[in-house]
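Visitor: TSV, N, CA and C atoms, saved as coords.tsv, coming up:
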```
chain	number	residue	atom	x	y	z
A	11	MET	N	-8.55	20.18	6.20
A	11	MET	CA	-7.27	19.52	6.40
A	11	MET	C	-7.47	18.08	6.90
A	12	LYS	N	-8.36	17.89	7.88
A	12	LYS	CA	-8.60	16.56	8.41
A	12	LYS	C	-9.19	15.64	7.34
A	13	LEU	N	-10.08	16.18	6.53
A	13	LEU	CA	-10.69	15.39	5.47
A	13	LEU	C	-9.64	14.93	4.46
A	14	ARG	N	-8.73	15.80	4.13
A	14	ARG	CA	-7.65	15.47	3.19
A	14	ARG	C	-6.76	14.36	3.76
A	15	ASN	N	-6.40	14.47	5.03
A	15	ASN	CA	-5.57	13.45	5.68
A	15	ASN	C	-6.30	12.10	5.73
A	16	LEU	N	-7.58	12.14	6.03
A	16	LEU	CA	-8.38	10.92	6.07
A	16	LEU	C	-8.43	10.27	4.68
A	17	PHE	N	-8.62	11.10	3.66
A	17	PHE	CA	-8.65	10.61	2.29
A	17	PHE	C	-7.31	9.96	1.92
A	18	LEU	N	-6.21	10.59	2.26
A	18	LEU	CA	-4.88	10.05	1.96
A	18	LEU	C	-4.65	8.72	2.69
A	19	LEU	N	-5.08	8.66	3.94
A	19	LEU	CA	-4.94	7.43	4.71
A	19	LEU	C	-5.74	6.30	4.06
A	20	LEU	N	-6.97	6.56	3.66
A	20	LEU	CA	-7.79	5.55	3.01
A	20	LEU	C	-7.17	5.09	1.69
A	21	MET	N	-6.63	6.02	0.94
A	21	MET	CA	-5.98	5.67	-0.33
A	21	MET	C	-4.75	4.78	-0.09
A	22	MET	N	-3.98	5.09	0.93
A	22	MET	CA	-2.80	4.28	1.25
A	22	MET	C	-3.22	2.86	1.65
A	23	ILE	N	-4.27	2.74	2.43
A	23	ILE	CA	-4.75	1.42	2.86
A	23	ILE	C	-5.24	0.62	1.65
A	24	MET	N	-5.97	1.27	0.76
A	24	MET	CA	-6.47	0.58	-0.43
A	24	MET	C	-5.32	0.13	-1.32
A	25	CYS	N	-4.33	0.97	-1.51
A	25	CYS	CA	-3.18	0.60	-2.34
A	25	CYS	C	-2.42	-0.57	-1.72
A	26	TYR	N	-2.24	-0.55	-0.42
A	26	TYR	CA	-1.55	-1.63	0.27
A	26	TYR	C	-2.29	-2.95	0.06
A	27	ASN	N	-3.63	-2.91	0.23
A	27	ASN	CA	-4.42	-4.12	0.06
A	27	ASN	C	-4.35	-4.64	-1.36
A	28	LEU	N	-4.36	-3.77	-2.34
A	28	LEU	CA	-4.28	-4.19	-3.73
A	28	LEU	C	-2.92	-4.79	-4.05
A	29	MET	N	-1.86	-4.24	-3.50
A	29	MET	CA	-0.52	-4.76	-3.76
A	29	MET	C	-0.32	-6.13	-3.15
A	30	ASN	N	-0.96	-6.40	-2.01
A	30	ASN	CA	-0.76	-7.67	-1.32
A	30	ASN	C	-1.85	-8.69	-1.60
A	31	ALA	N	-2.79	-8.36	-2.46
A	31	ALA	CA	-3.88	-9.28	-2.76
A	31	ALA	C	-3.42	-10.32	-3.78
A	32	GLN	N	-3.72	-11.57	-3.49
A	32	GLN	CA	-3.41	-12.62	-4.43
A	32	GLN	C	-4.63	-12.86	-5.30
A	33	LYS	N	-4.38	-13.13	-6.54
A	33	LYS	CA	-5.45	-13.42	-7.48
A	33	LYS	C	-5.58	-14.94	-7.55
A	34	VAL	N	-6.66	-15.46	-7.00
A	34	VAL	CA	-6.89	-16.91	-6.96
A	34	VAL	C	-8.03	-17.24	-7.91
A	35	LYS	N	-7.79	-18.25	-8.77
A	35	LYS	CA	-8.82	-18.72	-9.70
A	35	LYS	C	-8.90	-20.23	-9.63
A	36	LEU	N	-10.12	-20.74	-9.64
A	36	LEU	CA	-10.36	-22.16	-9.80
A	36	LEU	C	-10.98	-22.31	-11.18
A	37	LYS	N	-10.19	-22.86	-12.11
A	37	LYS	CA	-10.63	-22.87	-13.50
A	37	LYS	C	-10.22	-24.18	-14.16
A	38	LYS	N	-11.19	-24.85	-14.76
A	38	LYS	CA	-10.94	-26.08	-15.53
A	38	LYS	C	-10.11	-27.09	-14.75
A	39	GLU	N	-10.53	-27.36	-13.53
A	39	GLU	CA	-9.91	-28.37	-12.66
A	39	GLU	C	-8.52	-28.01	-12.14
A	40	PHE	N	-8.12	-26.73	-12.27
A	40	PHE	CA	-6.83	-26.30	-11.74
A	40	PHE	C	-7.01	-25.07	-10.86
A	41	VAL	N	-6.14	-24.96	-9.85
A	41	VAL	CA	-6.09	-23.78	-8.99
A	41	VAL	C	-4.93	-22.93	-9.46
A	42	TYR	N	-5.22	-21.66	-9.73
A	42	TYR	CA	-4.19	-20.70	-10.16
A	42	TYR	C	-4.08	-19.62	-9.09
A	43	ILE	N	-2.86	-19.28	-8.73
A	43	ILE	CA	-2.60	-18.15	-7.84
A	43	ILE	C	-1.65	-17.23	-8.58
A	44	ASP	N	-2.09	-16.00	-8.77
A	44	ASP	CA	-1.32	-15.03	-9.57
A	44	ASP	C	-0.89	-15.64	-10.89
A	45	ASP	N	-1.82	-16.32	-11.55
A	45	ASP	CA	-1.64	-16.95	-12.87
A	45	ASP	C	-0.63	-18.09	-12.89
A	46	VAL	N	-0.29	-18.63	-11.72
A	46	VAL	CA	0.59	-19.79	-11.63
A	46	VAL	C	-0.28	-21.00	-11.27
A	47	LYS	N	-0.17	-22.08	-12.04
A	47	LYS	CA	-0.92	-23.30	-11.77
A	47	LYS	C	-0.29	-23.98	-10.56
A	48	VAL	N	-1.08	-24.11	-9.47
A	48	VAL	CA	-0.55	-24.63	-8.21
A	48	VAL	C	-1.05	-26.03	-7.88
A	49	PHE	N	-2.34	-26.28	-8.07
A	49	PHE	CA	-2.96	-27.56	-7.73
A	49	PHE	C	-3.95	-27.97	-8.80
A	50	LYS	N	-4.26	-29.26	-8.82
A	50	LYS	CA	-5.48	-29.75	-9.46
A	50	LYS	C	-6.53	-29.73	-8.36
A	51	TYR	N	-7.79	-29.65	-8.76
A	51	TYR	CA	-8.83	-29.70	-7.73
A	51	TYR	C	-10.05	-30.46	-8.22
A	52	GLU	N	-10.81	-30.92	-7.25
A	52	GLU	CA	-12.11	-31.53	-7.50
A	52	GLU	C	-13.03	-30.97	-6.43
A	53	LYS	N	-14.26	-30.63	-6.82
A	53	LYS	CA	-15.19	-30.12	-5.81
A	53	LYS	C	-16.56	-30.71	-6.02
A	54	ASN	N	-17.30	-30.72	-4.93
A	54	ASN	CA	-18.70	-31.09	-4.96
A	54	ASN	C	-19.42	-30.06	-4.11
A	55	ALA	N	-19.92	-29.02	-4.76
A	55	ALA	CA	-20.57	-27.93	-4.04
A	55	ALA	C	-21.82	-28.41	-3.32
A	56	GLY	N	-22.52	-29.37	-3.90
A	56	GLY	CA	-23.73	-29.89	-3.26
A	56	GLY	C	-23.45	-30.55	-1.92
A	57	GLU	N	-22.33	-31.26	-1.85
A	57	GLU	CA	-21.94	-31.89	-0.59
A	57	GLU	C	-21.03	-31.01	0.23
A	58	GLY	N	-20.57	-29.90	-0.34
A	58	GLY	CA	-19.78	-28.91	0.40
A	58	GLY	C	-18.33	-29.25	0.62
A	59	TRP	N	-17.63	-29.75	-0.41
A	59	TRP	CA	-16.21	-30.03	-0.23
A	59	TRP	C	-15.41	-29.71	-1.48
A	60	LEU	N	-14.12	-29.47	-1.24
A	60	LEU	CA	-13.14	-29.19	-2.28
A	60	LEU	C	-11.86	-29.92	-1.89
A	61	THR	N	-11.25	-30.63	-2.85
A	61	THR	CA	-10.00	-31.33	-2.60
A	61	THR	C	-8.93	-30.77	-3.52
A	62	LEU	N	-7.75	-30.53	-2.97
A	62	LEU	CA	-6.60	-30.06	-3.73
A	62	LEU	C	-5.63	-31.21	-3.91
A	63	PHE	N	-5.16	-31.39	-5.16
A	63	PHE	CA	-4.26	-32.50	-5.50
A	63	PHE	C	-2.94	-31.96	-6.01
A	64	ASP	N	-1.88	-32.73	-5.79
A	64	ASP	CA	-0.57	-32.43	-6.33
A	64	ASP	C	-0.63	-32.46	-7.86
A	65	LEU	N	0.02	-31.52	-8.50
A	65	LEU	CA	0.02	-31.45	-9.97
A	65	LEU	C	0.73	-32.64	-10.61
A	66	ASP	N	1.77	-33.13	-9.96
A	66	ASP	CA	2.62	-34.15	-10.57
A	66	ASP	C	2.09	-35.58	-10.41
A	67	ASN	N	1.60	-35.91	-9.22
A	67	ASN	CA	1.26	-37.31	-8.98
A	67	ASN	C	-0.17	-37.55	-8.51
A	68	ASP	N	-1.00	-36.53	-8.55
A	68	ASP	CA	-2.42	-36.64	-8.19
A	68	ASP	C	-2.65	-37.04	-6.73
A	69	ASP	N	-1.64	-36.91	-5.87
A	69	ASP	CA	-1.86	-37.17	-4.44
A	69	ASP	C	-2.78	-36.11	-3.87
A	70	GLU	N	-3.72	-36.55	-3.04
A	70	GLU	CA	-4.62	-35.63	-2.35
A	70	GLU	C	-3.83	-34.95	-1.23
A	71	ILE	N	-3.85	-33.61	-1.22
A	71	ILE	CA	-3.03	-32.86	-0.27
A	71	ILE	C	-3.87	-32.19	0.80
A	72	ILE	N	-4.89	-31.45	0.37
A	72	ILE	CA	-5.73	-30.68	1.30
A	72	ILE	C	-7.20	-30.94	0.97
A	73	PHE	N	-7.97	-31.25	1.99
A	73	PHE	CA	-9.41	-31.46	1.84
A	73	PHE	C	-10.11	-30.37	2.63
A	74	ILE	N	-10.99	-29.63	1.96
A	74	ILE	CA	-11.72	-28.53	2.60
A	74	ILE	C	-13.21	-28.89	2.60
A	75	ARG	N	-13.81	-28.88	3.77
A	75	ARG	CA	-15.24	-29.19	3.88
A	75	ARG	C	-15.96	-28.04	4.60
A	76	GLU	N	-17.03	-27.60	3.98
A	76	GLU	CA	-17.91	-26.62	4.63
A	76	GLU	C	-19.05	-27.41	5.27
A	77	ASN	N	-19.31	-27.15	6.53
A	77	ASN	CA	-20.34	-27.87	7.26
A	77	ASN	C	-21.42	-26.89	7.70
A	78	ASP	N	-22.64	-27.10	7.21
A	78	ASP	CA	-23.74	-26.20	7.58
A	78	ASP	C	-24.58	-26.75	8.73
A	79	ASN	N	-24.15	-27.87	9.28
A	79	ASN	CA	-24.84	-28.51	10.41
A	79	ASN	C	-26.30	-28.82	10.14
A	80	GLY	N	-26.68	-28.86	8.87
A	80	GLY	CA	-28.06	-29.20	8.51
A	80	GLY	C	-29.09	-28.15	8.86
A	81	THR	N	-28.65	-26.92	9.08
A	81	THR	CA	-29.59	-25.84	9.42
A	81	THR	C	-29.63	-24.81	8.29
A	82	ASP	N	-30.64	-23.96	8.33
A	82	ASP	CA	-30.81	-22.92	7.31
A	82	ASP	C	-30.10	-21.62	7.67
A	83	TYR	N	-29.63	-21.47	8.89
A	83	TYR	CA	-28.96	-20.23	9.27
A	83	TYR	C	-27.46	-20.44	9.36
A	84	ARG	N	-26.71	-19.35	9.25
A	84	ARG	CA	-25.25	-19.42	9.13
A	84	ARG	C	-24.50	-19.38	10.47
A	85	ASP	N	-25.17	-19.11	11.56
A	85	ASP	CA	-24.48	-18.94	12.84
A	85	ASP	C	-23.72	-20.17	13.31
A	86	ASP	N	-24.15	-21.35	12.88
A	86	ASP	CA	-23.49	-22.58	13.33
A	86	ASP	C	-22.64	-23.23	12.23
A	87	ASP	N	-22.42	-22.54	11.13
A	87	ASP	CA	-21.63	-23.08	10.02
A	87	ASP	C	-20.14	-22.98	10.32
A	88	TYR	N	-19.38	-23.91	9.79
A	88	TYR	CA	-17.93	-23.85	9.94
A	88	TYR	C	-17.25	-24.58	8.80
A	89	THR	N	-15.95	-24.35	8.68
A	89	THR	CA	-15.14	-24.97	7.63
A	89	THR	C	-14.01	-25.76	8.27
A	90	GLN	N	-13.75	-26.94	7.71
A	90	GLN	CA	-12.62	-27.77	8.13
A	90	GLN	C	-11.59	-27.78	7.00
A	91	TYR	N	-10.34	-27.53	7.37
A	91	TYR	CA	-9.21	-27.66	6.45
A	91	TYR	C	-8.41	-28.87	6.93
A	92	LYS	N	-8.40	-29.94	6.14
A	92	LYS	CA	-7.69	-31.15	6.52
A	92	LYS	C	-6.42	-31.27	5.68
A	93	PHE	N	-5.27	-31.22	6.35
A	93	PHE	CA	-3.98	-31.43	5.70
A	93	PHE	C	-3.66	-32.91	5.88
A	94	LEU	N	-3.84	-33.67	4.82
A	94	LEU	CA	-3.88	-35.12	4.92
A	94	LEU	C	-2.55	-35.75	5.30
A	95	LYS	N	-1.45	-35.35	4.71
A	95	LYS	CA	-0.14	-35.94	5.04
A	95	LYS	C	0.35	-35.48	6.40
A	96	GLU	N	-0.01	-34.25	6.78
A	96	GLU	CA	0.43	-33.69	8.06
A	96	GLU	C	-0.48	-34.11	9.22
A	97	ASP	N	-1.65	-34.69	8.89
A	97	ASP	CA	-2.64	-35.12	9.87
A	97	ASP	C	-3.04	-33.97	10.81
A	98	ILE	N	-3.33	-32.81	10.21
A	98	ILE	CA	-3.76	-31.63	10.96
A	98	ILE	C	-5.10	-31.17	10.41
A	99	ILE	N	-6.05	-30.92	11.29
A	99	ILE	CA	-7.37	-30.40	10.91
A	99	ILE	C	-7.57	-29.05	11.59
A	100	ILE	N	-7.87	-28.04	10.78
A	100	ILE	CA	-8.15	-26.70	11.29
A	100	ILE	C	-9.63	-26.43	11.10
A	101	GLU	N	-10.32	-26.06	12.17
A	101	GLU	CA	-11.75	-25.76	12.11
A	101	GLU	C	-11.99	-24.30	12.44
A	102	ILE	N	-12.66	-23.62	11.52
A	102	ILE	CA	-12.91	-22.18	11.66
A	102	ILE	C	-14.38	-21.91	11.40
A	103	SER	N	-14.98	-21.09	12.24
A	103	SER	CA	-16.40	-20.77	12.06
A	103	SER	C	-16.56	-19.72	10.97
A	104	THR	N	-16.45	-20.19	9.74
A	104	THR	CA	-16.62	-19.32	8.59
A	104	THR	C	-17.17	-20.15	7.44
A	105	TYR	N	-17.76	-19.48	6.52
A	105	TYR	CA	-18.35	-20.10	5.33
A	105	TYR	C	-18.07	-19.13	4.21
A	106	ASN	N	-17.41	-19.56	3.14
A	106	ASN	CA	-16.93	-18.59	2.17
A	106	ASN	C	-16.92	-19.19	0.78
A	107	TYR	N	-16.47	-18.42	-0.19
A	107	TYR	CA	-16.26	-18.93	-1.54
A	107	TYR	C	-15.03	-19.83	-1.53
A	108	TRP	N	-15.02	-20.84	-2.42
A	108	TRP	CA	-13.91	-21.79	-2.45
A	108	TRP	C	-12.58	-21.09	-2.66
A	109	LYS	N	-12.53	-20.13	-3.57
A	109	LYS	CA	-11.26	-19.46	-3.83
A	109	LYS	C	-10.77	-18.69	-2.60
A	110	ASN	N	-11.68	-18.20	-1.77
A	110	ASN	CA	-11.27	-17.50	-0.55
A	110	ASN	C	-10.68	-18.46	0.48
A	111	HIS	N	-11.14	-19.69	0.49
A	111	HIS	CA	-10.53	-20.69	1.38
A	111	HIS	C	-9.08	-20.94	0.96
A	112	VAL	N	-8.86	-21.08	-0.34
A	112	VAL	CA	-7.51	-21.30	-0.86
A	112	VAL	C	-6.64	-20.08	-0.56
A	113	LYS	N	-7.21	-18.89	-0.76
A	113	LYS	CA	-6.47	-17.65	-0.50
A	113	LYS	C	-6.08	-17.55	0.98
A	114	PHE	N	-6.98	-17.94	1.88
A	114	PHE	CA	-6.69	-17.92	3.31
A	114	PHE	C	-5.48	-18.81	3.63
A	115	LEU	N	-5.45	-20.01	3.07
A	115	LEU	CA	-4.34	-20.92	3.33
A	115	LEU	C	-3.04	-20.41	2.73
A	116	TYR	N	-3.13	-19.84	1.53
A	116	TYR	CA	-1.93	-19.31	0.89
A	116	TYR	C	-1.41	-18.08	1.63
A	117	LYS	N	-2.32	-17.22	2.04
A	117	LYS	CA	-1.93	-16.02	2.78
A	117	LYS	C	-1.21	-16.38	4.08
A	118	ASN	N	-1.60	-17.48	4.69
A	118	ASN	CA	-0.95	-17.94	5.92
A	118	ASN	C	0.23	-18.86	5.64
A	119	LYS	N	0.64	-18.92	4.37
A	119	LYS	CA	1.85	-19.63	3.92
A	119	LYS	C	1.81	-21.13	4.22
A	120	CYS	N	0.61	-21.71	4.23
A	120	CYS	CA	0.48	-23.15	4.44
A	120	CYS	C	1.07	-23.93	3.27
A	121	PHE	N	1.11	-23.29	2.10
A	121	PHE	CA	1.74	-23.89	0.92
A	121	PHE	C	2.32	-22.77	0.07
A	122	ASP	N	3.22	-23.16	-0.85
A	122	ASP	CA	3.84	-22.17	-1.73
A	122	ASP	C	3.29	-22.32	-3.15
A	123	LEU	N	3.80	-21.55	-4.07
A	123	LEU	CA	3.32	-21.59	-5.45
A	123	LEU	C	3.72	-22.87	-6.19
A	124	ASP	N	4.58	-23.67	-5.58
A	124	ASP	CA	4.91	-24.98	-6.14
A	124	ASP	C	3.98	-26.06	-5.61
A	125	GLY	N	3.03	-25.67	-4.74
A	125	GLY	CA	2.08	-26.62	-4.17
A	125	GLY	C	2.66	-27.44	-3.03
A	126	LYS	N	3.78	-27.00	-2.50
A	126	LYS	CA	4.42	-27.72	-1.38
A	126	LYS	C	3.90	-27.18	-0.06
A	127	VAL	N	3.42	-28.09	0.77
A	127	VAL	CA	2.87	-27.73	2.08
A	127	VAL	C	4.01	-27.55	3.07
A	128	ASP	N	3.93	-26.50	3.86
A	128	ASP	CA	4.90	-26.21	4.91
A	128	ASP	C	4.27	-26.60	6.25
A	129	GLN	N	4.68	-27.73	6.80
A	129	GLN	CA	4.05	-28.26	8.01
A	129	GLN	C	4.14	-27.27	9.18
A	130	LYS	N	5.25	-26.56	9.29
A	130	LYS	CA	5.41	-25.59	10.37
A	130	LYS	C	4.38	-24.46	10.25
A	131	LYS	N	4.16	-23.98	9.03
A	131	LYS	CA	3.18	-22.91	8.80
A	131	LYS	C	1.76	-23.42	9.01
A	132	VAL	N	1.52	-24.68	8.64
A	132	VAL	CA	0.21	-25.28	8.89
A	132	VAL	C	-0.04	-25.33	10.39
A	133	GLN	N	0.97	-25.75	11.15
A	133	GLN	CA	0.85	-25.81	12.60
A	133	GLN	C	0.62	-24.41	13.18
A	134	ASN	N	1.33	-23.41	12.66
A	134	ASN	CA	1.13	-22.03	13.12
A	134	ASN	C	-0.29	-21.57	12.84
A	135	THR	N	-0.81	-21.90	11.66
A	135	THR	CA	-2.18	-21.52	11.31
A	135	THR	C	-3.17	-22.23	12.23
A	136	PHE	N	-2.90	-23.49	12.52
A	136	PHE	CA	-3.73	-24.23	13.47
A	136	PHE	C	-3.72	-23.54	14.83
A	137	ASP	N	-2.53	-23.21	15.31
A	137	ASP	CA	-2.40	-22.57	16.63
A	137	ASP	C	-3.13	-21.23	16.69
A	138	LYS	N	-3.10	-20.48	15.59
A	138	LYS	CA	-3.71	-19.15	15.57
A	138	LYS	C	-5.22	-19.19	15.38
A	139	PHE	N	-5.71	-20.10	14.54
A	139	PHE	CA	-7.10	-19.99	14.09
A	139	PHE	C	-8.03	-21.13	14.49
A	140	ASP	N	-7.51	-22.30	14.85
A	140	ASP	CA	-8.39	-23.44	15.11
A	140	ASP	C	-9.32	-23.14	16.29
A	141	GLU	N	-10.60	-23.41	16.09
A	141	GLU	CA	-11.61	-23.16	17.12
A	141	GLU	C	-12.13	-24.43	17.77
A	142	LYS	N	-11.59	-25.59	17.39
A	142	LYS	CA	-11.97	-26.88	17.98
A	142	LYS	C	-13.49	-27.05	18.03
A	143	ILE	N	-14.14	-26.76	16.93
A	143	ILE	CA	-15.60	-26.76	16.86
A	143	ILE	C	-16.17	-28.16	17.09
A	144	THR	N	-15.61	-29.15	16.43
A	144	THR	CA	-16.12	-30.51	16.57
A	144	THR	C	-15.98	-30.98	18.01
A	145	VAL	N	-14.86	-30.74	18.61
A	145	VAL	CA	-14.62	-31.16	20.01
A	145	VAL	C	-15.60	-30.48	20.95
A	146	ARG	N	-15.86	-29.20	20.72
A	146	ARG	CA	-16.76	-28.45	21.60
A	146	ARG	C	-18.22	-28.82	21.43
A	147	THR	N	-18.60	-29.30	20.25
A	147	THR	CA	-20.02	-29.51	19.97
A	147	THR	C	-20.47	-30.95	20.03
A	148	ILE	N	-19.54	-31.91	20.08
A	148	ILE	CA	-19.94	-33.32	20.18
A	148	ILE	C	-20.33	-33.62	21.62
A	149	LYS	N	-21.51	-34.20	21.75
A	149	LYS	CA	-22.00	-34.57	23.09
A	149	LYS	C	-21.66	-36.02	23.36
A	150	ASN	N	-21.18	-36.29	24.57
A	150	ASN	CA	-20.82	-37.66	24.96
A	150	ASN	C	-22.04	-38.42	25.39
```
Would you give me this structure, written as structure tokens?
Guide:
Amino acid sequence: MKLRNLFLLLMMIMCYNLMNAQKVKLKKEFVYIDDVKVFKYEKNAGEGWLTLFDLDNDDEIIFIRENDNGTDYRDDDYTQYKFLKEDIIIEISTYNYWKNHVKFLYKNKCFDLDGKVDQKKVQNTFDKFDEKITVRTIKN
């Protein structure tokens, strides 16, 4: 009986995750979320950055930089999300695939499927997740 209940619980969790998962693709210079074209993008994996641009006017909206601090190990790596018009930088000690960075921002409603940034949601994401890595690690 317990095994059956555990199995049902796991199945419910998996179904919930699948229903709420967004499908993010970076393909041919465009970002797609659930098959909707949201942004243009440019990336330089060698230098560790991705920039998201407005579809209509090519304005740079979000700049994402992965910083490995010049070391071979991952413990000191972090990512910066720079919202250029809002002048907000979120620093999180994570290193991930580019599409997962976009998914993280979309999941936290920093922007919608029209590519419009919600400053209030960006501020909420900053308040919840920013680790102030640069401030903590710069020596005077």
Visitor: What are the closest atom pairs, with distances in Å to one decimal, for each residue of stretch 23-67 of chain A lying within 6.5 Å of stretch 115-127 of chain A, using all atoms listed in the file, rows by chain and rising residue number, as CSV?
Guide:
```
residue,atom,partner,partner_atom,distance
A:Lys47,C,A:Leu123,C,6.0
A:Val48,C,A:Gly125,CA,4.9
A:Phe49,N,A:Gly125,CA,5.9
```
Visitor: Please, what distance in Å, to one decimal, runs between atom CA of A:Asp128 and atom CA of A:Asp140?
Guide: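 One can read the atom CA of A:Asp128 to atom CA of A:Asp140 distance as 17.0 Å.
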Visitor: I'd like the interatomic distance between atom CA of A:Asp87 and atom N of A:Lys50, to a tenth of an Å.
Guide: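 Rounded to one decimal, the two atoms are 26.4 Å apart.
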Visitor: Could you tell me how far atom CA of A:Val145 lies from atom CA of A:Thr104, in Å and to one decimal?
Guide: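 Atom CA of A:Thr104 lies at a distance of 16.6 Å from atom CA of A:Val145.
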Visitor: Restricting the calculation to only C-alpha atoms, which member of A:Tyr91, A:Val132, A:Phe40, A:Trp108 is positioned closest to A:Ala55?
Guide: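 Checking each of A:Tyr91, A:Val132, A:Phe40, A:Trp108 against A:Ala55, counting only C-alpha atoms, the winner is A:Trp108.
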Visitor: Using only C-alpha atoms, determine which residues lie at most 12 Å from A:Gln90, disregarding the query and same-chain residues fewer than 5 positions distant; provide the list as a PyMOL selection string.
Guide: chain A and resi 58-61+72-78+98-106+111+115+136+139-144
Visitor: From the options A:Asp45, A:Gln129, A:Phe114, A:Lys53, which residue's atoms come nearest to A:Glu96, counting all atoms listed in the file?
Guide: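 For A:Glu96, the nearest of the candidates is A:Gln129.
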Visitor: Identify, on the basis of only C-alpha atoms, every residue whose closest approach to A:Lys113 does not exceed 10 Å; exclude the query and any residue fewer than 5 positions from it along the same chain; express the result as a list of chain:residue names.
Guide: A:Ala31, A:Gln32, A:Lys33, A:Val34, A:Lys35, A:Ile43, A:Tyr107, A:Trp108, A:Asn118, A:Lys119
Visitor: Please produce a file of the residues just selected, as a short mmCIF file (atom, residue, chain, number, x, y, z; two decimals), keeping the file's coordinate frame, where the atoms kept are N, CA and C atoms.
Guide:
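What ended up in result09.cif:
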```cif
data_model
loop_
_atom_site.label_atom_id
_atom_site.label_comp_id
_atom_site.auth_asym_id
_atom_site.auth_seq_id
_atom_site.Cartn_x
_atom_site.Cartn_y
_atom_site.Cartn_z
N ALA A 31 -2.79 -8.36 -2.46
CA ALA A 31 -3.88 -9.28 -2.76
C ALA A 31 -3.42 -10.32 -3.78
N GLN A 32 -3.72 -11.57 -3.49
CA GLN A 32 -3.41 -12.62 -4.43
C GLN A 32 -4.63 -12.86 -5.30
N LYS A 33 -4.38 -13.13 -6.54
CA LYS A 33 -5.45 -13.42 -7.48
C LYS A 33 -5.58 -14.94 -7.55
N VAL A 34 -6.66 -15.46 -7.00
CA VAL A 34 -6.89 -16.91 -6.96
C VAL A 34 -8.03 -17.24 -7.91
N LYS A 35 -7.79 -18.25 -8.77
CA LYS A 35 -8.82 -18.72 -9.70
C LYS A 35 -8.90 -20.23 -9.63
N ILE A 43 -2.86 -19.28 -8.73
CA ILE A 43 -2.60 -18.15 -7.84
C ILE A 43 -1.65 -17.23 -8.58
N TYR A 107 -16.47 -18.42 -0.19
CA TYR A 107 -16.26 -18.93 -1.54
C TYR A 107 -15.03 -19.83 -1.53
N TRP A 108 -15.02 -20.84 -2.42
CA TRP A 108 -13.91 -21.79 -2.45
C TRP A 108 -12.58 -21.09 -2.66
N ASN A 118 -1.60 -17.48 4.69
CA ASN A 118 -0.95 -17.94 5.92
C ASN A 118 0.23 -18.86 5.64
N LYS A 119 0.64 -18.92 4.37
CA LYS A 119 1.85 -19.63 3.92
C LYS A 119 1.81 -21.13 4.22
#
```
Visitor: Once DSSP has gone over the backbone, tell me which residues of stretch 65-111 of chain A are in helix (DSSP H, G or I), as a VMD selection string.
Guide: chain A and resid 108 to 111
Visitor: How would the residues just chosen look if you wrote them out with N, CA and C atoms as a compact mmCIF listing (two decimals), in the coordinates of the input?
Guide:
```txt
# COMPACT_ATOMS: atom_id res chain seq x y z
N TRP A 108 -15.02 -20.84 -2.42
CA TRP A 108 -13.91 -21.79 -2.45
C TRP A 108 -12.58 -21.09 -2.66
N LYS A 109 -12.53 -20.13 -3.57
CA LYS A 109 -11.26 -19.46 -3.83
C LYS A 109 -10.77 -18.69 -2.60
N ASN A 110 -11.68 -18.20 -1.77
CA ASN A 110 -11.27 -17.50 -0.55
C ASN A 110 -10.68 -18.46 0.48
N HIS A 111 -11.14 -19.69 0.49
CA HIS A 111 -10.53 -20.69 1.38
C HIS A 111 -9.08 -20.94 0.96
```
Visitor: List every residue of stretch 35-118 of chain A that DSSP, applied to the backbone, labels as strand (DSSP E or B), and write the result as number ranges by chain.
Guide: A: 35-37, 40-43, 46-54, 59-63, 70-77, 88-93, 98-102
Visitor: Find the residue from A:Val41, A:Asn110, A:Val46, A:Lys131 that sits nearest to A:Leu62; use all atoms listed in the file when measuring.
Guide: A:Val41
